[in-house]
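Enquirer: Take a look at this one; I'll ask things after.
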Amino acid sequence: MPATDPNLARRNRRVGLIAATMVGGMLGLSFAAVPLYSVFCAVTGYGGTPQIGGVAPGAGERVVTVRFNANTHPGLPWNFQPGQNKMEVKVGQEALAFYTAASVGSTPSTGIATYNVTPEIVGPYFHKVQCFCFDQQTLQPGQKAEMPISFWVDPKIADDPSAREVRTITLSYTFFRTLEDAERAGALSKAGPHVGKQRDASLAPPAAR
(Lines give C-alpha, C1' and ligand atoms only; values in the text may rest on other atoms or scores of the structure.)
Protein backbone atom coordinates (compact mmCIF):
# COMPACT_ATOMS: atom_id res chain seq x y z
CA MET A 1 0.00 0.00 0.00
CA PRO A 2 1.32 3.51 -0.76
CA ALA A 3 2.54 5.55 2.21
CA THR A 4 0.19 8.22 3.51
CA ASP A 5 1.37 11.82 3.00
CA PRO A 6 1.44 13.46 6.51
CA ASN A 7 0.74 16.90 5.01
CA LEU A 8 -2.27 15.58 3.07
CA ALA A 9 -3.64 13.90 6.20
CA ARG A 10 -3.33 17.15 8.16
CA ARG A 11 -5.11 19.10 5.39
CA ASN A 12 -7.92 16.55 5.31
CA ARG A 13 -8.39 16.77 9.08
CA ARG A 14 -8.41 20.57 8.88
CA VAL A 15 -11.05 20.56 6.12
CA GLY A 16 -13.18 18.08 8.07
CA LEU A 17 -12.99 20.21 11.22
CA ILE A 18 -13.98 23.38 9.31
CA ALA A 19 -16.93 21.58 7.68
CA ALA A 20 -18.15 20.21 11.02
CA THR A 21 -17.90 23.69 12.59
CA MET A 22 -19.91 25.24 9.75
CA VAL A 23 -22.64 22.58 10.02
CA GLY A 24 -22.84 23.06 13.78
CA GLY A 25 -23.03 26.83 13.41
CA MET A 26 -25.80 26.62 10.80
CA LEU A 27 -27.77 24.23 13.03
CA GLY A 28 -27.42 26.60 15.98
CA LEU A 29 -28.58 29.56 13.90
CA SER A 30 -31.64 27.65 12.73
CA PHE A 31 -32.72 27.09 16.34
CA ALA A 32 -32.04 30.73 17.25
CA ALA A 33 -33.75 32.20 14.19
CA VAL A 34 -37.27 32.55 15.66
CA PRO A 35 -36.29 34.13 19.01
CA LEU A 36 -33.69 36.41 17.39
CA TYR A 37 -36.20 37.57 14.79
CA SER A 38 -38.77 38.20 17.55
CA VAL A 39 -36.25 40.31 19.47
CA PHE A 40 -35.41 42.25 16.30
CA CYS A 41 -39.09 42.92 15.65
CA ALA A 42 -39.70 44.01 19.25
CA VAL A 43 -36.80 46.48 19.16
CA THR A 44 -37.43 47.96 15.73
CA GLY A 45 -41.20 47.65 15.36
CA TYR A 46 -40.62 45.63 12.18
CA GLY A 47 -43.59 43.56 11.04
CA GLY A 48 -46.03 45.71 12.98
CA THR A 49 -44.66 44.78 16.40
CA PRO A 50 -45.75 47.43 18.94
CA GLN A 51 -43.27 48.82 21.43
CA ILE A 52 -43.65 47.81 25.07
CA GLY A 53 -44.10 50.12 28.02
CA GLY A 54 -42.80 53.64 28.39
CA VAL A 55 -44.51 56.67 29.88
CA ALA A 56 -47.00 58.53 27.72
CA PRO A 57 -45.66 62.08 27.19
CA GLY A 58 -49.07 63.76 27.35
CA ALA A 59 -51.82 64.54 24.87
CA GLY A 60 -50.93 66.25 21.62
CA GLU A 61 -53.18 67.84 19.03
CA ARG A 62 -53.18 65.05 16.46
CA VAL A 63 -55.95 62.45 16.67
CA VAL A 64 -55.71 58.91 15.28
CA THR A 65 -58.36 56.22 15.04
CA VAL A 66 -57.43 52.86 16.56
CA ARG A 67 -59.45 49.90 15.30
CA PHE A 68 -59.59 46.63 17.21
CA ASN A 69 -59.52 43.20 15.60
CA ALA A 70 -59.91 39.74 17.15
CA ASN A 71 -59.10 36.27 15.79
CA THR A 72 -59.31 32.79 17.32
CA HIS A 73 -57.45 29.62 16.40
CA PRO A 74 -59.92 27.01 15.06
CA GLY A 75 -58.93 24.54 17.78
CA LEU A 76 -59.82 26.91 20.63
CA PRO A 77 -63.54 26.85 21.54
CA TRP A 78 -63.79 30.55 22.38
CA ASN A 79 -65.83 33.50 21.20
CA PHE A 80 -63.20 36.24 21.32
CA GLN A 81 -64.02 39.80 20.25
CA PRO A 82 -63.15 43.44 20.97
CA GLY A 83 -65.32 45.36 23.40
CA GLN A 84 -65.25 48.32 21.01
CA ASN A 85 -64.81 48.47 17.25
CA LYS A 86 -62.72 51.62 17.22
CA MET A 87 -61.53 54.49 19.39
CA GLU A 88 -60.25 57.98 18.64
CA VAL A 89 -57.19 58.87 20.70
CA LYS A 90 -54.82 61.81 20.85
CA VAL A 91 -51.17 61.02 20.26
CA GLY A 92 -49.19 60.94 23.48
CA GLN A 93 -52.23 60.15 25.63
CA GLU A 94 -52.66 56.76 27.31
CA ALA A 95 -55.94 55.03 26.44
CA LEU A 96 -57.78 52.00 27.85
CA ALA A 97 -59.71 49.43 25.81
CA PHE A 98 -61.16 45.97 26.40
CA TYR A 99 -61.53 42.61 24.71
CA THR A 100 -63.92 39.86 25.82
CA ALA A 101 -63.61 36.09 25.62
CA ALA A 102 -66.27 33.47 26.30
CA SER A 103 -65.82 29.71 26.30
CA VAL A 104 -68.28 27.74 24.18
CA GLY A 105 -66.64 24.40 24.93
CA SER A 106 -67.82 21.61 27.22
CA THR A 107 -64.51 21.36 29.14
CA PRO A 108 -62.00 23.88 30.55
CA SER A 109 -59.78 25.38 27.84
CA THR A 110 -56.64 27.49 27.90
CA GLY A 111 -55.56 30.08 25.33
CA ILE A 112 -52.66 32.45 24.82
CA ALA A 113 -52.73 35.61 22.71
CA THR A 114 -50.32 37.23 20.25
CA TYR A 115 -50.73 40.65 18.65
CA ASN A 116 -49.54 43.09 16.00
CA VAL A 117 -50.51 46.44 14.50
CA THR A 118 -51.11 47.54 10.92
CA PRO A 119 -49.96 49.30 8.89
CA GLU A 120 -46.62 47.82 9.88
CA ILE A 121 -44.81 51.15 9.63
CA VAL A 122 -46.52 52.37 12.83
CA GLY A 123 -45.04 49.54 14.92
CA PRO A 124 -42.28 51.72 16.43
CA TYR A 125 -44.84 54.36 17.48
CA PHE A 126 -47.53 52.18 19.05
CA HIS A 127 -46.74 51.57 22.73
CA LYS A 128 -48.65 48.97 24.71
CA VAL A 129 -48.28 49.66 28.43
CA GLN A 130 -50.12 46.59 29.70
CA CYS A 131 -52.16 43.82 28.12
CA PHE A 132 -53.16 40.18 28.36
CA CYS A 133 -50.82 38.97 25.61
CA PHE A 134 -48.68 35.93 26.38
CA ASP A 135 -50.49 35.30 29.68
CA GLN A 136 -52.26 31.96 29.61
CA GLN A 137 -55.99 32.38 30.12
CA THR A 138 -58.13 29.43 31.27
CA LEU A 139 -61.90 29.55 30.94
CA GLN A 140 -64.42 27.09 32.30
CA PRO A 141 -67.33 25.99 30.09
CA GLY A 142 -69.63 28.98 29.60
CA GLN A 143 -67.28 31.34 31.43
CA LYS A 144 -66.73 34.89 30.14
CA ALA A 145 -63.90 37.29 30.92
CA GLU A 146 -63.01 40.87 30.05
CA MET A 147 -59.39 41.62 29.20
CA PRO A 148 -58.09 45.21 29.32
CA ILE A 149 -55.25 46.80 27.40
CA SER A 150 -53.66 50.22 27.81
CA PHE A 151 -51.66 51.91 25.06
CA TRP A 152 -50.49 55.20 23.57
CA VAL A 153 -49.32 56.45 20.18
CA ASP A 154 -46.00 58.28 20.09
CA PRO A 155 -46.27 61.88 18.82
CA LYS A 156 -42.99 61.23 16.96
CA ILE A 157 -45.09 59.47 14.34
CA ALA A 158 -45.56 62.93 12.81
CA ASP A 159 -41.79 63.20 12.21
CA ASP A 160 -41.63 60.01 10.12
CA PRO A 161 -42.34 60.75 6.43
CA SER A 162 -43.52 57.17 5.88
CA ALA A 163 -45.97 57.23 8.81
CA ARG A 164 -47.06 60.86 9.26
CA GLU A 165 -50.08 60.45 6.96
CA VAL A 166 -51.44 57.43 8.84
CA ARG A 167 -54.75 58.27 10.47
CA THR A 168 -56.02 54.77 11.27
CA ILE A 169 -54.17 52.01 13.15
CA THR A 170 -55.50 48.47 13.56
CA LEU A 171 -54.56 46.49 16.66
CA SER A 172 -55.07 42.76 16.14
CA TYR A 173 -55.06 39.98 18.73
CA THR A 174 -55.17 36.28 17.96
CA PHE A 175 -55.84 33.64 20.62
CA PHE A 176 -54.15 30.27 20.13
CA ARG A 177 -54.35 27.08 22.16
CA THR A 178 -50.58 27.10 22.75
CA LEU A 179 -47.46 29.01 21.77
CA GLU A 180 -46.56 26.05 19.56
CA ASP A 181 -49.76 26.69 17.58
CA ALA A 182 -48.81 30.35 17.28
CA GLU A 183 -45.31 29.48 16.05
CA ARG A 184 -46.64 27.05 13.44
CA ALA A 185 -49.01 29.76 12.19
CA GLY A 186 -46.12 32.24 11.89
CA ALA A 187 -47.63 34.60 14.47
CA LEU A 188 -44.62 34.67 16.80
CA SER A 189 -42.41 36.37 14.23
CA LYS A 190 -44.62 39.45 14.50
CA ALA A 191 -45.39 39.27 18.19
CA GLY A 192 -43.90 41.44 20.92
CA PRO A 193 -42.48 40.13 24.20
CA HIS A 194 -44.50 39.12 27.23
CA VAL A 195 -45.47 42.19 29.29
CA GLY A 196 -46.80 40.44 32.37
CA LYS A 197 -49.77 41.15 34.57
CA GLN A 198 -51.57 44.46 35.02
CA ARG A 199 -49.37 46.91 36.91
CA ASP A 200 -52.32 48.83 38.24
CA ALA A 201 -55.30 47.43 40.12
CA SER A 202 -57.52 49.87 38.24
CA LEU A 203 -56.76 47.88 35.08
CA ALA A 204 -57.80 44.55 36.58
CA PRO A 205 -60.70 43.05 34.63
CA PRO A 206 -64.06 42.52 36.33
CA ALA A 207 -64.58 39.09 37.87
CA ALA A 208 -65.18 36.45 35.21
CA ARG A 209 -68.79 35.46 34.93
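We name chains A, B, ... following the order of the C-alpha coordinates; residues begin at 1 in each chain, and ligands are numbered from 1 as shown.
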When you look at segment 164-176 of chain A with a cut-off of 8 Å (counting only C-alpha atoms), what residues show up, excluding the ones that are within fewer than 6 positions of it in the same chain? I need them as an MDAnalysis selection string.

Expert: chainID A and resid 63:73 75:76 80 111:119 122 157:158 182

Enquirer: Can you check which residues of segment 54-98 of chain A DSSP gives as strand (DSSP E) on the backbone and send them as a list in words?

Expert: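 Taking segment 54-98 of chain A and keeping strand (DSSP E) gives Val63, Val64, Thr65, Val66, Arg67, Phe68, Asn69, Ala70, Asn71, Thr72, Trp78, Asn79, Phe80, Gln81, Pro82, Lys86, Met87, Glu88, Val89, Lys90, Ala95, Leu96, Ala97 and Phe98 of chain A.
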